[in-house]
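Structure, as structure tokens:
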Amino acid sequence: MSVRTYIRGSTYWIKYENAKKANALTEKMYDQINSALDEANDHKETTFTVLTGEGNYYSSGNDFSPAEWDTKKAASKDVEIGFSRWVRRLIDHEKILLGLVNGPAMGMSATTLALCDYVVCSEKAFFYLPFPILGVGPEAGASVTLPAMLGVSRANGLMLFGERLEAAEALKCGFVGKVFPHDEFEKRAEEMVEGFEKLPRHSLLASKSVIRGPVWREKMRGVAESELDTLRKLFATEETQKRIGARFEKKK
């Protein structure tokens with residue numbers, strides 16, 4: 001299994017365990033993540049849902065290798081892409097979503113963090129969107145969430161030009177709430193979650209329902225759908241297909 005789930009205290013943990021491929025996200029993993037988010041959302045005794053990775057990477061993003069991905073197929077509106085189902089679930093999730101970023105986060109794994117309620121990272125983490133390298137564009141609401149969090153120029157540096165956002169800068173601009181020493185990350189992050197669990201569940205969930213209420217959810221669903229339409233058009237282009245192939249066929 002590439003995604004491990006477990007419940008500890010009042011927290012449902014979802015951990016990416018594809019360490020040999022830097023926790024790259026496959027369609028199988030999306031199925032597992034989506035099932036886990038459904039289970040976490042419906043669980044009557046949990047308050048928090050954690051997303052984190054195993055090993056040195058949080059996640060290197062989508063696995064576009066030929067064995068896992070068909071770019072032409074993904075361009076079809078008749079095909080439901082796994083990551084689009086993931087985005088909808090994150091937008092609609094009722095529990096407190098915590099992103100514990102143990103290492104570099106790239107592509108989809110980075111953009112979806114902006115849909116979490118609170119994110120912390122290791123000092124060795126960085127955030128990178130390879131959109132211009134692959135010939136793709138924003139996803140997971142990033143066209144709205146990133147400019148709002150980082151400012152227009154910094155967000156466009158990531159989305160248009162492939163710049164990196166380092167951990168210290170992510171803290172300064174508010175993309176993450178805390179940066180922990182790398183060697184202490186797991187311990188410090190777990191202690192933080194345990195501290196959150198002592199807070200009153202009823203008010204936490206009520207506050208989330210206001211902060212990420214119906215108006216926000218409806219807006220973000222629309223943004224994500226618009227981004228997906230553009231992605232499908234890009235996947236259909238010969239240039240994007242060549243770029244994805246050139247980047248990932250080397251990694252067979």
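Quick note on naming: the chains in the structure tokens go A, B, ... in the order shown, residues restart at 1 in each chain, and ligands are numbered from 1 in order of appearance.
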
Handout entry: Long-range neighbours of Tyr16 in chain A as a PyMOL selection string, 8 Å cut-off, only C-alpha atoms, 3 positions minimum in chain
Key = chain A and resi 2-4+19+23+51-54+58-59

Can you list, as a compact mmCIF listing (two decimals) with all heavy atoms, in the first residue's frame, every residue of range 27-163 of chain A that DSSP puts in helix (DSSP H, G or I)?
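Generated file (result_21.txt):
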```txt
# COMPACT_ATOMS: atom_id res chain seq x y z
N GLU A 27 -2.31 7.23 -9.63
CA GLU A 27 -3.77 7.13 -9.61
C GLU A 27 -4.24 6.20 -8.49
O GLU A 27 -5.26 6.46 -7.84
CB GLU A 27 -4.29 6.63 -10.97
CG GLU A 27 -4.31 7.69 -12.04
CD GLU A 27 -5.30 8.82 -11.73
OE1 GLU A 27 -6.49 8.54 -11.52
OE2 GLU A 27 -4.87 9.98 -11.69
N LYS A 28 -3.51 5.14 -8.24
CA LYS A 28 -3.85 4.23 -7.14
C LYS A 28 -3.79 4.97 -5.81
O LYS A 28 -4.68 4.81 -4.95
CB LYS A 28 -2.89 3.03 -7.12
CG LYS A 28 -3.14 2.08 -5.97
CD LYS A 28 -2.10 0.97 -5.96
CE LYS A 28 -2.29 0.06 -4.73
NZ LYS A 28 -1.24 -1.01 -4.67
N MET A 29 -2.77 5.79 -5.64
CA MET A 29 -2.65 6.55 -4.40
C MET A 29 -3.78 7.56 -4.26
O MET A 29 -4.31 7.77 -3.16
CB MET A 29 -1.29 7.24 -4.33
CG MET A 29 -0.14 6.29 -4.09
SD MET A 29 1.48 7.10 -4.14
CE MET A 29 1.42 8.09 -2.62
N TYR A 30 -4.18 8.18 -5.38
CA TYR A 30 -5.32 9.10 -5.31
C TYR A 30 -6.58 8.38 -4.85
O TYR A 30 -7.36 8.91 -4.05
CB TYR A 30 -5.55 9.77 -6.66
CG TYR A 30 -4.62 10.91 -6.95
CD1 TYR A 30 -3.87 10.95 -8.12
CD2 TYR A 30 -4.47 11.96 -6.05
CE1 TYR A 30 -3.01 12.00 -8.39
CE2 TYR A 30 -3.60 13.01 -6.31
CZ TYR A 30 -2.88 13.03 -7.48
OH TYR A 30 -2.03 14.07 -7.73
N ASP A 31 -6.79 7.18 -5.35
CA ASP A 31 -7.95 6.40 -4.90
C ASP A 31 -7.88 6.17 -3.40
O ASP A 31 -8.89 6.28 -2.69
CB ASP A 31 -8.00 5.05 -5.63
CG ASP A 31 -8.39 5.18 -7.10
OD1 ASP A 31 -8.97 6.23 -7.47
OD2 ASP A 31 -8.13 4.23 -7.87
N GLN A 32 -6.69 5.84 -2.91
CA GLN A 32 -6.51 5.57 -1.48
C GLN A 32 -6.70 6.84 -0.65
O GLN A 32 -7.34 6.81 0.41
CB GLN A 32 -5.13 4.97 -1.24
CG GLN A 32 -4.95 3.60 -1.86
CD GLN A 32 -3.51 3.12 -1.81
OE1 GLN A 32 -2.57 3.90 -1.61
NE2 GLN A 32 -3.31 1.82 -2.01
N ILE A 33 -6.13 7.95 -1.14
CA ILE A 33 -6.27 9.22 -0.42
C ILE A 33 -7.73 9.66 -0.37
O ILE A 33 -8.24 10.09 0.68
CB ILE A 33 -5.41 10.31 -1.09
CG1 ILE A 33 -3.93 10.00 -0.92
CG2 ILE A 33 -5.72 11.68 -0.49
CD1 ILE A 33 -3.01 10.85 -1.79
N ASN A 34 -8.42 9.54 -1.49
CA ASN A 34 -9.82 9.95 -1.54
C ASN A 34 -10.69 9.10 -0.62
O ASN A 34 -11.58 9.61 0.07
CB ASN A 34 -10.33 9.88 -2.98
CG ASN A 34 -9.74 10.96 -3.86
OD1 ASN A 34 -9.40 12.04 -3.38
ND2 ASN A 34 -9.59 10.68 -5.14
N SER A 35 -10.44 7.79 -0.59
CA SER A 35 -11.18 6.91 0.32
C SER A 35 -10.89 7.28 1.77
O SER A 35 -11.79 7.29 2.63
CB SER A 35 -10.82 5.44 0.07
OG SER A 35 -11.24 5.03 -1.20
N ALA A 36 -9.62 7.59 2.05
CA ALA A 36 -9.24 7.97 3.41
C ALA A 36 -9.90 9.28 3.83
O ALA A 36 -10.38 9.41 4.97
CB ALA A 36 -7.72 8.09 3.50
N LEU A 37 -9.95 10.25 2.94
CA LEU A 37 -10.60 11.52 3.27
C LEU A 37 -12.09 11.34 3.52
O LEU A 37 -12.66 11.98 4.41
CB LEU A 37 -10.36 12.53 2.15
CG LEU A 37 -8.96 13.14 2.10
CD1 LEU A 37 -8.76 13.92 0.80
CD2 LEU A 37 -8.71 14.06 3.30
N ASP A 38 -12.72 10.45 2.75
CA ASP A 38 -14.14 10.16 2.99
C ASP A 38 -14.33 9.55 4.37
O ASP A 38 -15.23 9.94 5.12
CB ASP A 38 -14.66 9.20 1.92
CG ASP A 38 -14.84 9.85 0.56
OD1 ASP A 38 -14.87 11.09 0.49
OD2 ASP A 38 -14.94 9.10 -0.43
N GLU A 39 -13.46 8.60 4.69
CA GLU A 39 -13.57 7.93 6.00
C GLU A 39 -13.30 8.91 7.13
O GLU A 39 -14.01 8.92 8.14
CB GLU A 39 -12.58 6.77 6.06
CG GLU A 39 -12.69 5.95 7.34
CD GLU A 39 -11.78 4.73 7.33
OE1 GLU A 39 -11.75 4.03 6.30
OE2 GLU A 39 -11.10 4.48 8.35
N ALA A 40 -12.29 9.76 6.98
CA ALA A 40 -11.96 10.75 8.00
C ALA A 40 -13.10 11.73 8.20
O ALA A 40 -13.43 12.11 9.33
CB ALA A 40 -10.68 11.49 7.62
N ASN A 41 -13.69 12.16 7.11
CA ASN A 41 -14.77 13.14 7.19
C ASN A 41 -15.98 12.57 7.92
O ASN A 41 -16.68 13.30 8.63
CB ASN A 41 -15.17 13.59 5.77
CG ASN A 41 -15.80 14.96 5.75
OD1 ASN A 41 -15.29 15.90 6.36
ND2 ASN A 41 -16.92 15.09 5.08
N ASP A 42 -16.23 11.28 7.73
CA ASP A 42 -17.41 10.64 8.32
C ASP A 42 -17.16 10.12 9.74
O ASP A 42 -18.11 9.74 10.43
CB ASP A 42 -17.87 9.48 7.44
CG ASP A 42 -18.41 9.94 6.09
OD1 ASP A 42 -18.80 11.12 5.98
OD2 ASP A 42 -18.43 9.13 5.15
N THR A 71 -1.26 10.99 -20.85
CA THR A 71 -1.56 12.42 -21.01
C THR A 71 -2.73 12.64 -21.97
O THR A 71 -3.60 13.48 -21.72
CB THR A 71 -0.33 13.19 -21.49
OG1 THR A 71 0.75 12.96 -20.57
CG2 THR A 71 -0.60 14.69 -21.55
N LYS A 72 -2.77 11.89 -23.05
CA LYS A 72 -3.87 12.04 -24.01
C LYS A 72 -5.20 11.67 -23.37
O LYS A 72 -6.22 12.33 -23.59
CB LYS A 72 -3.60 11.18 -25.24
CG LYS A 72 -2.43 11.65 -26.09
CD LYS A 72 -2.25 10.78 -27.31
CE LYS A 72 -1.07 11.25 -28.15
NZ LYS A 72 -0.86 10.40 -29.35
N LYS A 73 -5.21 10.61 -22.60
CA LYS A 73 -6.43 10.18 -21.92
C LYS A 73 -6.88 11.23 -20.91
O LYS A 73 -8.08 11.51 -20.76
CB LYS A 73 -6.19 8.84 -21.22
CG LYS A 73 -7.43 8.24 -20.57
CD LYS A 73 -7.10 6.89 -19.95
CE LYS A 73 -8.32 6.28 -19.27
NZ LYS A 73 -7.98 4.98 -18.62
N ALA A 74 -5.93 11.84 -20.22
CA ALA A 74 -6.26 12.85 -19.22
C ALA A 74 -6.88 14.09 -19.83
O ALA A 74 -7.56 14.87 -19.14
CB ALA A 74 -5.01 13.23 -18.44
N GLY A 82 -7.87 11.52 -11.01
CA GLY A 82 -7.83 11.28 -9.56
C GLY A 82 -7.60 12.53 -8.75
O GLY A 82 -8.20 12.75 -7.71
N PHE A 83 -6.70 13.41 -9.24
CA PHE A 83 -6.39 14.59 -8.43
C PHE A 83 -7.54 15.58 -8.40
O PHE A 83 -7.66 16.36 -7.46
CB PHE A 83 -5.06 15.24 -8.85
CG PHE A 83 -4.99 15.85 -10.22
CD1 PHE A 83 -5.71 16.97 -10.56
CD2 PHE A 83 -4.13 15.30 -11.16
CE1 PHE A 83 -5.60 17.55 -11.81
CE2 PHE A 83 -4.00 15.87 -12.42
CZ PHE A 83 -4.75 16.99 -12.75
N SER A 84 -8.43 15.57 -9.40
CA SER A 84 -9.58 16.48 -9.34
C SER A 84 -10.57 16.04 -8.27
O SER A 84 -11.19 16.86 -7.60
CB SER A 84 -10.27 16.58 -10.71
OG SER A 84 -10.90 15.37 -11.05
N ARG A 85 -10.69 14.73 -8.09
CA ARG A 85 -11.54 14.21 -7.01
C ARG A 85 -10.94 14.55 -5.65
O ARG A 85 -11.66 14.84 -4.69
CB ARG A 85 -11.72 12.70 -7.15
CG ARG A 85 -12.55 12.32 -8.37
CD ARG A 85 -12.80 10.82 -8.44
NE ARG A 85 -11.62 10.12 -8.93
CZ ARG A 85 -10.96 9.19 -8.23
NH1 ARG A 85 -11.34 8.87 -7.00
NH2 ARG A 85 -9.91 8.60 -8.74
N TRP A 86 -9.60 14.53 -5.57
CA TRP A 86 -8.92 14.88 -4.32
C TRP A 86 -9.18 16.34 -3.96
O TRP A 86 -9.50 16.67 -2.81
CB TRP A 86 -7.42 14.63 -4.49
CG TRP A 86 -6.59 14.87 -3.27
CD1 TRP A 86 -6.99 14.78 -1.97
CD2 TRP A 86 -5.20 15.21 -3.24
NE1 TRP A 86 -5.94 15.05 -1.13
CE2 TRP A 86 -4.84 15.32 -1.88
CE3 TRP A 86 -4.24 15.44 -4.22
CZ2 TRP A 86 -3.54 15.64 -1.48
CZ3 TRP A 86 -2.95 15.75 -3.83
CH2 TRP A 86 -2.61 15.85 -2.47
N VAL A 87 -9.07 17.22 -4.94
CA VAL A 87 -9.28 18.64 -4.70
C VAL A 87 -10.69 18.90 -4.18
O VAL A 87 -10.89 19.66 -3.22
CB VAL A 87 -9.00 19.46 -5.98
CG1 VAL A 87 -9.45 20.91 -5.81
CG2 VAL A 87 -7.53 19.40 -6.33
N ARG A 88 -11.68 18.30 -4.79
CA ARG A 88 -13.06 18.49 -4.32
C ARG A 88 -13.23 18.04 -2.88
O ARG A 88 -13.93 18.68 -2.09
CB ARG A 88 -14.04 17.74 -5.23
CG ARG A 88 -14.25 18.38 -6.59
CD ARG A 88 -15.56 17.92 -7.22
NE ARG A 88 -15.60 16.47 -7.37
CZ ARG A 88 -15.15 15.82 -8.44
NH1 ARG A 88 -14.59 16.49 -9.44
NH2 ARG A 88 -15.23 14.50 -8.52
N ARG A 89 -12.61 16.94 -2.54
CA ARG A 89 -12.72 16.44 -1.17
C ARG A 89 -12.04 17.38 -0.16
O ARG A 89 -12.53 17.57 0.95
CB ARG A 89 -12.14 15.03 -1.07
CG ARG A 89 -13.10 13.96 -1.57
CD ARG A 89 -12.41 12.62 -1.73
NE ARG A 89 -13.37 11.57 -1.99
CZ ARG A 89 -13.90 11.32 -3.18
NH1 ARG A 89 -13.58 12.07 -4.22
NH2 ARG A 89 -14.76 10.32 -3.33
N LEU A 90 -10.91 17.92 -0.54
CA LEU A 90 -10.23 18.87 0.36
C LEU A 90 -11.08 20.12 0.57
O LEU A 90 -11.20 20.63 1.69
CB LEU A 90 -8.86 19.24 -0.21
CG LEU A 90 -7.81 18.15 -0.24
CD1 LEU A 90 -6.55 18.65 -0.94
CD2 LEU A 90 -7.48 17.66 1.17
N ILE A 91 -11.68 20.62 -0.49
CA ILE A 91 -12.53 21.81 -0.38
C ILE A 91 -13.72 21.55 0.53
O ILE A 91 -14.09 22.41 1.34
CB ILE A 91 -13.01 22.26 -1.78
CG1 ILE A 91 -11.82 22.80 -2.60
CG2 ILE A 91 -14.10 23.32 -1.67
CD1 ILE A 91 -12.14 23.03 -4.07
N ASP A 92 -14.30 20.36 0.44
CA ASP A 92 -15.52 20.04 1.19
C ASP A 92 -15.26 19.40 2.56
O ASP A 92 -16.22 19.12 3.29
CB ASP A 92 -16.41 19.11 0.37
CG ASP A 92 -16.99 19.79 -0.86
OD1 ASP A 92 -17.13 21.03 -0.84
OD2 ASP A 92 -17.31 19.09 -1.85
N MET A 108 1.17 19.17 -7.44
CA MET A 108 -0.12 19.00 -6.80
C MET A 108 -0.02 18.90 -5.28
O MET A 108 -0.89 19.39 -4.55
CB MET A 108 -0.81 17.76 -7.36
CG MET A 108 -2.14 17.41 -6.72
SD MET A 108 -3.41 18.68 -6.91
CE MET A 108 -3.81 18.50 -8.63
N SER A 109 1.05 18.29 -4.78
CA SER A 109 1.19 18.15 -3.33
C SER A 109 1.42 19.50 -2.67
O SER A 109 1.10 19.69 -1.49
CB SER A 109 2.33 17.19 -2.98
OG SER A 109 3.60 17.77 -3.23
N ALA A 110 1.98 20.47 -3.41
CA ALA A 110 2.21 21.81 -2.87
C ALA A 110 0.97 22.68 -2.98
O ALA A 110 0.58 23.36 -2.03
CB ALA A 110 3.39 22.48 -3.59
N THR A 111 0.31 22.66 -4.15
CA THR A 111 -0.86 23.53 -4.34
C THR A 111 -2.00 23.15 -3.41
O THR A 111 -2.73 24.02 -2.92
CB THR A 111 -1.35 23.48 -5.80
OG1 THR A 111 -1.55 22.12 -6.20
CG2 THR A 111 -0.34 24.14 -6.73
N THR A 112 -2.16 21.85 -3.13
CA THR A 112 -3.25 21.42 -2.26
C THR A 112 -3.04 21.84 -0.81
O THR A 112 -4.01 21.90 -0.04
CB THR A 112 -3.44 19.89 -2.32
OG1 THR A 112 -2.17 19.25 -2.16
CG2 THR A 112 -4.06 19.47 -3.64
N LEU A 113 -1.81 22.17 -0.43
CA LEU A 113 -1.57 22.62 0.94
C LEU A 113 -2.32 23.91 1.25
O LEU A 113 -2.68 24.17 2.40
CB LEU A 113 -0.07 22.80 1.18
CG LEU A 113 0.75 21.52 1.26
CD1 LEU A 113 2.24 21.83 1.21
CD2 LEU A 113 0.39 20.72 2.51
N ALA A 114 -2.55 24.72 0.22
CA ALA A 114 -3.28 25.97 0.43
C ALA A 114 -4.76 25.73 0.75
O ALA A 114 -5.46 26.65 1.18
CB ALA A 114 -3.16 26.86 -0.80
N LEU A 115 -5.22 24.49 0.57
CA LEU A 115 -6.59 24.13 0.94
C LEU A 115 -6.66 23.55 2.35
O LEU A 115 -7.75 23.28 2.85
CB LEU A 115 -7.15 23.10 -0.07
CG LEU A 115 -7.26 23.60 -1.51
CD1 LEU A 115 -7.71 22.45 -2.42
CD2 LEU A 115 -8.21 24.78 -1.63
N PHE A 131 5.14 23.85 -13.41
CA PHE A 131 4.18 24.10 -14.49
C PHE A 131 4.86 24.46 -15.81
O PHE A 131 4.53 23.88 -16.84
CB PHE A 131 3.20 25.22 -14.09
CG PHE A 131 2.37 24.95 -12.87
CD1 PHE A 131 1.75 26.00 -12.21
CD2 PHE A 131 2.19 23.66 -12.38
CE1 PHE A 131 0.96 25.78 -11.09
CE2 PHE A 131 1.41 23.42 -11.26
CZ PHE A 131 0.79 24.49 -10.60
N PRO A 132 5.80 25.42 -15.83
CA PRO A 132 6.40 25.79 -17.12
C PRO A 132 7.29 24.70 -17.70
O PRO A 132 7.45 24.61 -18.91
CB PRO A 132 7.21 27.06 -16.80
CG PRO A 132 7.50 26.95 -15.34
CD PRO A 132 6.32 26.27 -14.74
N ILE A 133 7.86 23.86 -16.85
CA ILE A 133 8.71 22.77 -17.32
C ILE A 133 7.88 21.72 -18.06
O ILE A 133 8.29 21.17 -19.09
CB ILE A 133 9.46 22.10 -16.15
CG1 ILE A 133 10.27 23.15 -15.36
CG2 ILE A 133 10.35 20.96 -16.63
CD1 ILE A 133 11.32 23.84 -16.17
N LEU A 134 6.68 21.45 -17.53
CA LEU A 134 5.83 20.40 -18.08
C LEU A 134 4.81 20.93 -19.09
O LEU A 134 4.14 20.13 -19.76
CB LEU A 134 5.09 19.68 -16.94
CG LEU A 134 5.97 19.02 -15.89
CD1 LEU A 134 5.10 18.40 -14.79
CD2 LEU A 134 6.86 17.96 -16.50
N ALA A 142 -5.02 27.01 -7.03
CA ALA A 142 -3.81 27.80 -6.81
C ALA A 142 -3.86 29.16 -7.48
O ALA A 142 -3.22 30.11 -7.01
CB ALA A 142 -2.58 27.03 -7.31
N SER A 143 -4.61 29.29 -8.57
CA SER A 143 -4.68 30.58 -9.26
C SER A 143 -5.31 31.65 -8.39
O SER A 143 -5.12 32.85 -8.61
CB SER A 143 -5.47 30.45 -10.57
OG SER A 143 -6.79 30.00 -10.32
N VAL A 144 -6.05 31.22 -7.36
CA VAL A 144 -6.67 32.15 -6.41
C VAL A 144 -5.96 32.12 -5.06
O VAL A 144 -5.64 33.15 -4.48
CB VAL A 144 -8.16 31.83 -6.23
CG1 VAL A 144 -8.75 32.59 -5.04
CG2 VAL A 144 -8.94 32.18 -7.50
N THR A 145 -5.69 30.93 -4.55
CA THR A 145 -5.13 30.82 -3.19
C THR A 145 -3.72 31.38 -3.10
O THR A 145 -3.38 32.07 -2.13
CB THR A 145 -5.14 29.36 -2.71
OG1 THR A 145 -4.37 28.55 -3.61
CG2 THR A 145 -6.55 28.81 -2.60
N LEU A 146 -2.87 31.10 -4.08
CA LEU A 146 -1.46 31.53 -3.97
C LEU A 146 -1.29 33.04 -4.05
O LEU A 146 -0.56 33.62 -3.23
CB LEU A 146 -0.60 30.81 -5.01
CG LEU A 146 -0.47 29.29 -4.82
CD1 LEU A 146 0.55 28.73 -5.79
CD2 LEU A 146 -0.12 28.91 -3.38
N PRO A 147 -1.92 33.75 -5.01
CA PRO A 147 -1.81 35.21 -4.98
C PRO A 147 -2.34 35.83 -3.69
O PRO A 147 -1.78 36.80 -3.19
CB PRO A 147 -2.65 35.66 -6.19
CG PRO A 147 -2.60 34.50 -7.12
CD PRO A 147 -2.63 33.28 -6.22
N ALA A 148 -3.40 35.23 -3.13
CA ALA A 148 -3.96 35.75 -1.88
C ALA A 148 -2.99 35.57 -0.72
O ALA A 148 -2.91 36.42 0.18
CB ALA A 148 -5.29 35.06 -1.57
N MET A 149 -2.25 34.48 -0.71
CA MET A 149 -1.34 34.18 0.39
C MET A 149 0.04 34.80 0.21
O MET A 149 0.64 35.28 1.17
CB MET A 149 -1.19 32.66 0.55
CG MET A 149 -2.49 31.93 0.86
SD MET A 149 -2.32 30.14 0.85
CE MET A 149 -1.72 29.87 2.51
N LEU A 150 0.56 34.78 -1.02
CA LEU A 150 1.94 35.16 -1.27
C LEU A 150 2.10 36.54 -1.89
O LEU A 150 3.21 37.09 -1.89
CB LEU A 150 2.61 34.14 -2.20
CG LEU A 150 2.51 32.66 -1.84
CD1 LEU A 150 3.22 31.82 -2.89
CD2 LEU A 150 3.10 32.40 -0.46
N VAL A 152 0.81 38.76 -5.59
CA VAL A 152 0.72 38.41 -7.01
C VAL A 152 2.08 38.04 -7.61
O VAL A 152 2.24 37.00 -8.24
CB VAL A 152 0.07 39.56 -7.81
CG1 VAL A 152 0.14 39.28 -9.30
CG2 VAL A 152 -1.39 39.74 -7.39
N SER A 153 3.09 38.88 -7.43
CA SER A 153 4.37 38.64 -8.07
C SER A 153 5.04 37.36 -7.56
O SER A 153 5.59 36.58 -8.35
CB SER A 153 5.31 39.84 -7.88
OG SER A 153 4.86 40.93 -8.64
N ARG A 154 5.01 37.14 -6.24
CA ARG A 154 5.66 35.93 -5.71
C ARG A 154 4.92 34.69 -6.16
O ARG A 154 5.55 33.67 -6.52
CB ARG A 154 5.69 35.99 -4.16
CG ARG A 154 6.62 34.92 -3.56
CD ARG A 154 8.05 35.20 -3.96
NE ARG A 154 8.97 34.14 -3.57
CZ ARG A 154 9.31 33.12 -4.36
NH1 ARG A 154 8.82 33.03 -5.57
NH2 ARG A 154 10.17 32.22 -3.95
N ALA A 155 3.58 34.75 -6.16
CA ALA A 155 2.79 33.60 -6.61
C ALA A 155 3.04 33.31 -8.08
O ALA A 155 3.19 32.15 -8.49
CB ALA A 155 1.30 33.86 -6.37
N ASN A 156 3.11 34.37 -8.89
CA ASN A 156 3.36 34.18 -10.31
C ASN A 156 4.78 33.69 -10.57
O ASN A 156 5.04 32.99 -11.55
CB ASN A 156 3.09 35.47 -11.08
CG ASN A 156 1.60 35.73 -11.24
OD1 ASN A 156 0.78 34.84 -11.09
ND2 ASN A 156 1.25 36.97 -11.56
N GLY A 157 5.70 34.04 -9.70
CA GLY A 157 7.05 33.50 -9.82
C GLY A 157 7.03 31.98 -9.72
O GLY A 157 7.75 31.29 -10.45
N LEU A 158 6.19 31.46 -8.82
CA LEU A 158 6.06 30.01 -8.68
C LEU A 158 5.32 29.41 -9.87
O LEU A 158 5.78 28.43 -10.48
CB LEU A 158 5.30 29.66 -7.39
CG LEU A 158 6.12 29.43 -6.13
CD1 LEU A 158 6.74 30.74 -5.64
CD2 LEU A 158 5.25 28.83 -5.03
N MET A 159 4.17 29.99 -10.22
CA MET A 159 3.29 29.37 -11.21
C MET A 159 3.74 29.58 -12.65
O MET A 159 3.59 28.69 -13.49
CB MET A 159 1.86 29.89 -11.03
CG MET A 159 1.21 29.44 -9.72
SD MET A 159 -0.55 29.87 -9.62
CE MET A 159 -0.43 31.65 -9.29
N LEU A 160 4.29 30.75 -12.95
CA LEU A 160 4.67 31.05 -14.33
C LEU A 160 6.12 30.71 -14.64
O LEU A 160 6.45 30.30 -15.76
CB LEU A 160 4.44 32.54 -14.63
CG LEU A 160 2.99 33.04 -14.56
CD1 LEU A 160 2.96 34.54 -14.87
CD2 LEU A 160 2.09 32.28 -15.51
N PHE A 161 7.00 30.89 -13.66
CA PHE A 161 8.43 30.82 -13.94
C PHE A 161 9.16 29.69 -13.21
O PHE A 161 10.37 29.56 -13.34
CB PHE A 161 9.08 32.17 -13.61
CG PHE A 161 8.38 33.34 -14.26
CD1 PHE A 161 7.95 34.42 -13.50
CD2 PHE A 161 8.11 33.33 -15.62
CE1 PHE A 161 7.30 35.50 -14.09
CE2 PHE A 161 7.45 34.39 -16.22
CZ PHE A 161 7.04 35.48 -15.46
```

Problem - Residue nearest Ile81 in chain A - candidates A:Leu199, A:Thr230, A:Trp69, A:Lys187, atoms counted: only C-alpha atoms - result: A:Trp69

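Of the listed residues A:Tyr12, A:Lys233, A:Glu94, A:Val50, the one whose atoms come nearest to Ser209 in chain A is A:Glu94, with distances taken using only C-alpha atoms.
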
Handout entry: Contact residues around range 238-250 of chain A with only C-alpha atoms at 7 Å, ignoring same-chain residues under 3 positions, as JSON, numbers by chain
Key = {"A": [64, 65, 66, 71, 134, 135, 136, 234, 235]}

Compile the contact shell of Lys124 in chain A as a tab-separated table (two decimals) with C-alpha atoms, in the first residue's frame: residues with an atom at most 10 Å away, counting only C-alpha atoms, same-chain residues fewer than 3 positions apart removed.
```tsv
chain	number	residue	atom	x	y	z
A	56	ASN	CA	12.79	12.76	2.97
A	57	TYR	CA	10.00	14.09	0.74
A	101	VAL	CA	5.33	18.91	5.39
A	102	ASN	CA	8.31	16.74	6.27
A	103	GLY	CA	10.29	17.62	3.12
A	104	PRO	CA	10.01	19.13	-0.36
A	121	CYS	CA	7.09	22.29	7.54
A	166	GLU	CA	11.95	28.06	0.60
A	167	ALA	CA	10.77	27.15	4.11
A	168	ALA	CA	11.89	30.42	5.74
A	179	VAL	CA	9.08	25.75	10.61
A	180	PHE	CA	10.63	22.98	12.72
A	181	PRO	CA	14.25	21.76	12.72
A	182	HIS	CA	14.43	18.85	10.28
A	183	ASP	CA	15.83	16.33	12.78
A	185	PHE	CA	10.22	17.53	12.71
```

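Using only C-alpha atoms, the nearest neighbour of Val176 in chain A within the list A:Glu45, A:Glu123, A:Glu68, A:Asp229 is A:Glu123.
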
Practice task
Would you mind telling me which residue in A:Gly141, A:Thr237, A:Gly107, A:Ala125 lies nearest to Arg221 in chain A when using only C-alpha atoms?
Solution key: A:Gly141

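Counting from CA of Pro200 in chain A, the distance to CA of Arg212 in chain A is 18.3 Å.
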
Exercise for the section: Once DSSP has gone over the backbone, tell me which residues of range 27-177 of chain A are in strand (DSSP E), as a ChimeraX atom specification. Expected result: /A:48-53,96-101,105-106,118-122,126-128,164-166

Problem - Which of A:Lys172, A:Arg8, A:Arg164, A:Lys95 sits closest to Leu205 in chain A [using only C-alpha atoms] - result: A:Lys95

Problem - Residue nearest Tyr128 in chain A - candidates A:Leu165, A:Leu97, A:Ala189, A:Cys116, atoms counted: only C-alpha atoms - result: A:Leu165

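CA of Ser76 in chain A is found 6.7 Å from CA of Arg232 in chain A.
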
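Between CA of Leu204 in chain A and CA of Ile96 in chain A the interatomic distance comes to 7.7 Å.
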
Selection near Glu227 in chain A, 8 Å with only C-alpha atoms, sequence-local residues under 3 positions removed, as a short mmCIF file (atom, residue, chain, number, x, y, z; two decimals) with N, CA, C and O atoms, in the first residue's frame:
```cif
data_model
loop_
_atom_site.label_atom_id
_atom_site.label_comp_id
_atom_site.auth_asym_id
_atom_site.auth_seq_id
_atom_site.Cartn_x
_atom_site.Cartn_y
_atom_site.Cartn_z
N GLY A 137 -0.53 24.05 -16.05
CA GLY A 137 -0.90 25.29 -15.38
C GLY A 137 -1.46 25.04 -14.00
O GLY A 137 -1.43 23.90 -13.49
N PRO A 138 -1.97 26.08 -13.36
CA PRO A 138 -2.45 25.98 -11.98
C PRO A 138 -3.52 24.91 -11.78
O PRO A 138 -4.33 24.64 -12.67
N GLU A 139 -3.53 24.34 -10.58
CA GLU A 139 -4.53 23.36 -10.20
C GLU A 139 -4.85 23.56 -8.72
O GLU A 139 -4.17 24.34 -8.04
N ALA A 140 -5.88 22.88 -8.24
CA ALA A 140 -6.24 22.89 -6.81
C ALA A 140 -6.57 24.28 -6.29
O ALA A 140 -6.41 24.56 -5.11
N GLY A 141 -7.03 25.16 -7.18
CA GLY A 141 -7.39 26.51 -6.74
C GLY A 141 -6.22 27.44 -6.59
O GLY A 141 -6.37 28.57 -6.11
N SER A 143 -4.61 29.29 -8.57
CA SER A 143 -4.68 30.58 -9.26
C SER A 143 -5.31 31.65 -8.39
O SER A 143 -5.12 32.85 -8.61
N VAL A 223 -13.38 27.63 -9.15
CA VAL A 223 -12.00 27.91 -9.56
C VAL A 223 -11.30 26.62 -9.98
O VAL A 223 -10.64 26.56 -11.02
N ALA A 224 -11.44 25.58 -9.16
CA ALA A 224 -10.78 24.30 -9.46
C ALA A 224 -11.30 23.71 -10.76
O ALA A 224 -10.52 23.14 -11.54
N THR A 230 -8.75 24.09 -18.22
CA THR A 230 -7.52 24.56 -18.88
C THR A 230 -6.47 23.47 -18.94
O THR A 230 -5.79 23.30 -19.95
N LEU A 231 -6.33 22.71 -17.85
CA LEU A 231 -5.36 21.62 -17.83
C LEU A 231 -5.67 20.59 -18.91
O LEU A 231 -4.76 20.10 -19.59
#
```
